[in-house]
Amino acid sequence: MAILVLIKMLGAVMLLLYAVRMVRTGFERASGSALRRTIGKASSGPLSGAVSGMLVAILLQSATAVAILAAGFATSGFITTASGLAVLLGADLGSALVVQFLVFDLSWLIPVLLAAGAWLFLKIEARMAKQAGRIMIGIALILLSLQMIGEATAPLKEARFMPQVAGYLAEDASTALAVGALLAFLLHSSVATVLMVAAFVQQAGLSMEAAVPLVLGANVGAGLVAIWLTRGMDRKAKLLPLGNFVFRTVGAVAVLLAVSAIENPFAGIDAEPALLIVAVHVLFNVLLVVCCLPLTKPLAWLVEKVVPEDRRAEGEARLMPQSALDQRVVGNPRLALASATRELLRMGELVEAMTRPIVIMLEKGSPEEITGLQLMDRNVNAIHSAIKLYIAEVNRGELTADQAERSMELVSFAVNLERAGDLVAKNLLEQALELHQRKISFSQQGLKELARMHDRVLANMQLALNVLVSGDVASARELIAEKDKMREMERECHNRHLERLKSRTPESMETSNAHLEVVRSLKEINSLFAAVAVPILAREGLLRDTRLVPAE
């Protein structure tokens, strides 16, 4: 029986982890840029940082995912260590609120979500609808996995070893804390760990005295996960998870000592055990936010002093990893073109990295941050030149007709990416500098319009790079269709901007030229990336020769 219970439990937990990741993927693909921008605004203050972290963690169902995003912003210098710690405290609370929602009996919702989600994902072509379907299916699978965990743990209530295990953990709180931390680290999810502990409390008779240290340990272990995942990043990125781990560990030990000092702390509380243990988890994270939010600056100062400077990776060294252009395979066109494709992918990712923080830069970018992003265009230009020279050398050898055509396609796309990098560095970022120097800003409505357009461009950049590697015809069709949608967005932005000018909105009048230039540049960048789909669709006969109506 023990082996069967273990297999069922393992399968249920793996399904839970997969479902949580599925929901996170859906939100990232649907509005990943907006989520990143929300975290990027954390520097407005500790409270706004905590709120932004909480909201993003609720959507992504993972405080660890928020920690990775915040670490990336810390590396780029867009948020300080103190601001990042506020974001992570809020993310911990958001993750706890997700557990609070999932612990309720929502089994009736599973077939509804599966039916609606599958229909949206399989039958609707629009990207947002597909991702909404993905999210619904993911939530349904989470609820289904929780049912499976409950069914798998029910026989443990009658197991002869369960009282001994529960008794030992209840008597040795420090061991229970370590076990909870280990579980969370192995599962890479505090949500899954706390839900599993709640299932053990509800179905297997685990006592609250044993469950509370396990839950506190799960919070500590989740902090370790973020440290582990950022171990390869630079010093600024490592400071955030380390500081958050200090908050979690000190808080967990303090609460454990307080609970241990009180005799029967949960006696007289009339509530279901699973709901009670989840309430403890939420309350712990609320206390962390309340008590630790004022301490983010002192702790940021402390971890910055404790963690030594990393002198191995400086400035542009991070931006220019080793080239994928392999000179050893120049005489083998098949391998050489594959190398050129990998380098082109790296070039596209660099342009995307320049483009991602554009809205933040337009809103509140400092000259130092803007100039730092502009310097990345030098790397784009260097890769562009290297790709052209490499393919020119490859073309001196014997190529088939298909290989020759592919080489020209790669050069053409490299030219497009170089042009896109120029648009970001010399148009968009120059507009951001001018806004800063003139101390003017877009209207709130205008900034929202630009942010929506920017989000769409970033999503299409990702799609274009996928098409570059895969050559998938369906994705190529979707990418070309996005050009029409971008034209519609451009027209809507122009019309709404003109309406604001008619109503003499002061911000719109001051930033009119900048607004129109940003819209025009974003549309052109989108077209340059979408061009990767043209030769794929042309080979399949899926493109018209002209958009003109034939003359009579």
# chains A, B, ... in the order shown; residues from 1 in each chain; ligands from 1
$ residues_around --residues "Gly133 (chain A)" --least-positions-apart "5" --cutoff "12 Å" --atoms "only C-alpha atoms" --output "PyMOL selection string"
chain A and resi 22-23+25-27+29-30+112-128+138-140
$ residues_around --residues "Ser207 (chain A)" --least-positions-apart "2" --cutoff "10 Å" --atoms "only C-alpha atoms" --output "MDAnalysis selection string"
chainID A and resid 163 166:167 169:170 200:202 204:205 209:212 273
$ residues_around --residues "Asp422 (chain A)" --least-positions-apart "4" --cutoff "10 Å" --atoms "only C-alpha atoms" --output "CSV table (one decimal) with N, CA, C and O atoms, in the first residue's frame"
chain,number,residue,atom,x,y,z
A,351,VAL,N,18.5,42.9,-29.3
A,351,VAL,CA,17.5,44.0,-29.7
A,351,VAL,C,16.3,44.0,-28.8
A,351,VAL,O,15.8,45.0,-28.4
A,374,GLN,N,21.5,52.6,-24.9
A,374,GLN,CA,22.0,53.0,-26.2
A,374,GLN,C,23.3,52.3,-26.6
A,374,GLN,O,23.6,52.0,-27.7
A,377,ASP,N,23.5,49.1,-28.6
A,377,ASP,CA,23.4,49.1,-30.0
A,377,ASP,C,24.8,48.9,-30.7
A,377,ASP,O,24.8,48.3,-31.8
A,378,ARG,N,25.9,49.2,-30.0
A,378,ARG,CA,27.2,48.9,-30.6
A,378,ARG,C,27.4,47.4,-30.8
A,378,ARG,O,27.9,46.9,-31.7
A,380,VAL,N,25.0,45.2,-31.2
A,380,VAL,CA,24.1,44.8,-32.3
A,380,VAL,C,24.8,45.0,-33.6
A,380,VAL,O,24.8,44.2,-34.5
A,381,ASN,N,25.4,46.2,-33.8
A,381,ASN,CA,26.1,46.5,-35.0
A,381,ASN,C,27.3,45.6,-35.2
A,381,ASN,O,27.5,45.2,-36.4
A,416,ASN,N,17.6,43.8,-41.1
A,416,ASN,CA,16.4,44.2,-40.4
A,416,ASN,C,16.6,44.4,-38.9
A,416,ASN,O,16.2,45.4,-38.3
A,417,LEU,N,17.3,43.5,-38.3
A,417,LEU,CA,17.6,43.6,-36.9
A,417,LEU,C,18.5,44.8,-36.6
A,417,LEU,O,18.3,45.5,-35.5
A,418,GLU,N,19.5,45.0,-37.4
A,418,GLU,CA,20.4,46.2,-37.2
A,418,GLU,C,19.6,47.5,-37.3
A,418,GLU,O,19.8,48.4,-36.5
A,426,LYS,N,18.3,55.2,-31.5
A,426,LYS,CA,18.4,56.6,-32.0
A,426,LYS,C,17.0,57.3,-32.1
A,426,LYS,O,17.0,58.5,-32.3
A,427,ASN,N,15.9,56.5,-32.0
A,427,ASN,CA,14.6,57.1,-32.0
A,427,ASN,C,14.0,57.1,-30.7
A,427,ASN,O,13.7,58.1,-30.0
A,428,LEU,N,13.7,55.8,-30.2
A,428,LEU,CA,12.9,55.7,-29.0
A,428,LEU,C,13.7,56.2,-27.8
A,428,LEU,O,13.1,56.9,-26.9
A,429,LEU,N,14.9,55.8,-27.6
A,429,LEU,CA,15.7,56.2,-26.4
A,429,LEU,C,16.0,57.7,-26.5
A,429,LEU,O,16.1,58.4,-25.5
A,525,ILE,N,9.5,48.7,-36.1
A,525,ILE,CA,10.3,47.6,-35.5
A,525,ILE,C,9.5,46.3,-35.7
A,525,ILE,O,10.1,45.3,-36.0
$ select_by_dssp --residues "region 212-424 of chain A" --states "helix (DSSP H, G or I)" --output "VMD selection string"
chain A and resid 212 to 229 235 to 261 273 to 306 316 to 319 327 to 329 333 to 355 358 to 364 367 to 394 401 to 424
$ atom_distance --atom1 "CA of Ser385 (chain A)" --atom2 "CA of Lys523 (chain A)"
24.9 Å
$ closest_residue --among "A:Gly84, A:Gly372, A:Gly53, A:Gly150" --to "Val103 (chain A)" --atoms "only C-alpha atoms"
A:Gly150
$ atom_distance --atom1 "CA of Glu492 (chain A)" --atom2 "CA of Phe413 (chain A)"
28.7 Å
$ residues_around --residues "Glu28 (chain A)" --least-positions-apart "3" --cutoff "12 Å" --atoms "only C-alpha atoms" --output "list in words"
Arg21, Met22, Val23, Arg24, Thr25, Ser31, Gly32, Ser33, Ala34, Leu35, Arg36, Val56, Ala57, Leu59, Leu60, Gln61, Ser62, Ala65, Val66, Leu69, Met128, Gln131, Ala132, Arg134, Ile135, Asp455, Leu458, Ala459 and Gln462 of chain A
$ atom_distance --atom1 "CA of Met509 (chain A)" --atom2 "CA of Gly421 (chain A)"
28.3 Å
$ residues_around --residues "Gln431 (chain A)" --least-positions-apart "2" --cutoff "10 Å" --atoms "only C-alpha atoms" --output "PyMOL selection string"
chain A and resi 361-362+424-429+433-437+511+513-515+517-518
$ residues_around --residues "Asn466 (chain A)" --least-positions-apart "6" --cutoff "12 Å" --atoms "only C-alpha atoms" --output "list of chain:residue names"
A:Thr341, A:Arg342, A:Leu344, A:Leu345, A:Gly348, A:Glu349, A:Ala459, A:Asn460, A:Asp472, A:Val473, A:Ala474, A:Ser475, A:Ala476, A:Glu478, A:Leu479, A:Phe529, A:Ala530, A:Val532, A:Ala533
$ write_last_selection --atoms "all heavy atoms" --output "compact mmCIF listing (two decimals), in the first residue's frame"
# COMPACT_ATOMS: atom_id res chain seq x y z
N THR A 341 22.52 31.19 -37.97
CA THR A 341 21.17 31.31 -37.42
C THR A 341 21.22 31.51 -35.91
O THR A 341 20.47 32.33 -35.35
CB THR A 341 20.34 30.06 -37.76
OG1 THR A 341 20.29 29.89 -39.18
CG2 THR A 341 18.92 30.18 -37.23
N ARG A 342 22.10 30.76 -35.22
CA ARG A 342 22.23 30.91 -33.77
C ARG A 342 22.72 32.32 -33.42
O ARG A 342 22.24 32.94 -32.47
CB ARG A 342 23.20 29.87 -33.21
CG ARG A 342 22.67 28.45 -33.23
CD ARG A 342 23.40 27.56 -32.23
NE ARG A 342 24.84 27.62 -32.39
CZ ARG A 342 25.54 26.87 -33.22
NH1 ARG A 342 24.92 26.00 -34.01
NH2 ARG A 342 26.87 26.98 -33.28
N LEU A 344 22.31 34.98 -35.24
CA LEU A 344 21.21 35.89 -35.56
C LEU A 344 20.18 35.89 -34.45
O LEU A 344 19.60 36.94 -34.10
CB LEU A 344 20.58 35.46 -36.89
CG LEU A 344 19.74 36.49 -37.65
CD1 LEU A 344 20.52 37.77 -37.89
CD2 LEU A 344 19.28 35.90 -38.97
N LEU A 345 19.94 34.73 -33.86
CA LEU A 345 19.02 34.63 -32.73
C LEU A 345 19.55 35.46 -31.56
O LEU A 345 18.79 36.17 -30.89
CB LEU A 345 18.86 33.16 -32.33
CG LEU A 345 17.92 32.86 -31.16
CD1 LEU A 345 16.49 33.25 -31.51
CD2 LEU A 345 17.98 31.38 -30.80
N GLY A 348 18.92 39.08 -32.26
CA GLY A 348 17.52 39.43 -32.02
C GLY A 348 17.21 39.55 -30.54
O GLY A 348 16.45 40.44 -30.12
N GLU A 349 17.78 38.68 -29.74
CA GLU A 349 17.55 38.74 -28.28
C GLU A 349 18.14 40.01 -27.69
O GLU A 349 17.59 40.59 -26.75
CB GLU A 349 18.15 37.51 -27.61
CG GLU A 349 17.36 36.22 -27.90
CD GLU A 349 18.08 34.98 -27.40
OE1 GLU A 349 19.30 35.07 -27.12
OE2 GLU A 349 17.41 33.93 -27.29
N ALA A 459 5.79 40.82 -27.79
CA ALA A 459 5.26 39.48 -28.03
C ALA A 459 5.58 39.02 -29.46
O ALA A 459 5.94 37.85 -29.68
CB ALA A 459 3.75 39.45 -27.79
N ASN A 460 5.48 39.94 -30.42
CA ASN A 460 5.78 39.58 -31.81
C ASN A 460 7.28 39.36 -32.02
O ASN A 460 7.67 38.57 -32.88
CB ASN A 460 5.27 40.68 -32.74
CG ASN A 460 3.74 40.71 -32.80
OD1 ASN A 460 3.09 39.72 -32.47
ND2 ASN A 460 3.18 41.83 -33.19
N ASP A 472 8.21 27.41 -38.71
CA ASP A 472 6.83 26.92 -38.63
C ASP A 472 5.90 27.81 -39.45
O ASP A 472 5.86 29.03 -39.27
CB ASP A 472 6.37 26.89 -37.17
CG ASP A 472 4.95 26.40 -37.03
OD1 ASP A 472 4.67 25.25 -37.41
OD2 ASP A 472 4.11 27.17 -36.54
N VAL A 473 5.12 27.19 -40.35
CA VAL A 473 4.27 27.96 -41.27
C VAL A 473 3.12 28.63 -40.52
O VAL A 473 2.80 29.80 -40.77
CB VAL A 473 3.72 27.04 -42.39
CG1 VAL A 473 2.74 27.80 -43.28
CG2 VAL A 473 4.87 26.49 -43.23
N ALA A 474 2.50 27.92 -39.57
CA ALA A 474 1.37 28.50 -38.82
C ALA A 474 1.82 29.72 -38.03
O ALA A 474 1.13 30.75 -37.99
CB ALA A 474 0.77 27.44 -37.90
N SER A 475 2.99 29.63 -37.39
CA SER A 475 3.51 30.78 -36.64
C SER A 475 3.86 31.92 -37.58
O SER A 475 3.67 33.10 -37.24
CB SER A 475 4.73 30.36 -35.83
OG SER A 475 4.42 29.36 -34.89
N ALA A 476 4.38 31.59 -38.76
CA ALA A 476 4.70 32.63 -39.73
C ALA A 476 3.43 33.37 -40.19
O ALA A 476 3.43 34.60 -40.33
CB ALA A 476 5.42 32.02 -40.92
N GLU A 478 0.70 33.73 -38.42
CA GLU A 478 0.29 34.55 -37.28
C GLU A 478 1.11 35.83 -37.21
O GLU A 478 0.60 36.92 -36.92
CB GLU A 478 0.44 33.76 -35.98
CG GLU A 478 -0.01 34.51 -34.74
CD GLU A 478 0.21 33.72 -33.47
OE1 GLU A 478 0.53 32.51 -33.55
OE2 GLU A 478 0.08 34.32 -32.38
N LEU A 479 2.40 35.71 -37.51
CA LEU A 479 3.29 36.87 -37.44
C LEU A 479 2.92 37.91 -38.50
O LEU A 479 2.89 39.11 -38.21
CB LEU A 479 4.73 36.41 -37.62
CG LEU A 479 5.84 37.41 -37.32
CD1 LEU A 479 5.74 37.93 -35.90
CD2 LEU A 479 7.20 36.74 -37.54
N PHE A 529 10.82 42.83 -37.71
CA PHE A 529 10.86 41.48 -37.15
C PHE A 529 9.94 40.53 -37.91
O PHE A 529 10.27 39.38 -38.14
CB PHE A 529 10.48 41.51 -35.66
CG PHE A 529 11.65 41.71 -34.74
CD1 PHE A 529 12.16 42.98 -34.52
CD2 PHE A 529 12.25 40.64 -34.10
CE1 PHE A 529 13.24 43.18 -33.68
CE2 PHE A 529 13.33 40.82 -33.26
CZ PHE A 529 13.83 42.10 -33.04
N ALA A 530 8.76 41.03 -38.30
CA ALA A 530 7.79 40.18 -39.00
C ALA A 530 8.31 39.72 -40.35
O ALA A 530 7.86 38.69 -40.89
CB ALA A 530 6.47 40.92 -39.16
N VAL A 532 10.77 38.15 -41.12
CA VAL A 532 11.36 36.80 -41.10
C VAL A 532 10.38 35.76 -41.62
O VAL A 532 10.78 34.69 -42.10
CB VAL A 532 11.83 36.45 -39.67
CG1 VAL A 532 10.65 36.17 -38.75
CG2 VAL A 532 12.78 35.26 -39.68
N ALA A 533 9.08 36.08 -41.56
CA ALA A 533 8.07 35.11 -41.99
C ALA A 533 7.84 35.13 -43.50
O ALA A 533 7.28 34.18 -44.05
CB ALA A 533 6.74 35.40 -41.27
$ closest_residue --among "A:Met376, A:Glu363, A:Met453, A:Val303" --to "Ile440 (chain A)" --atoms "only C-alpha atoms"
A:Glu363
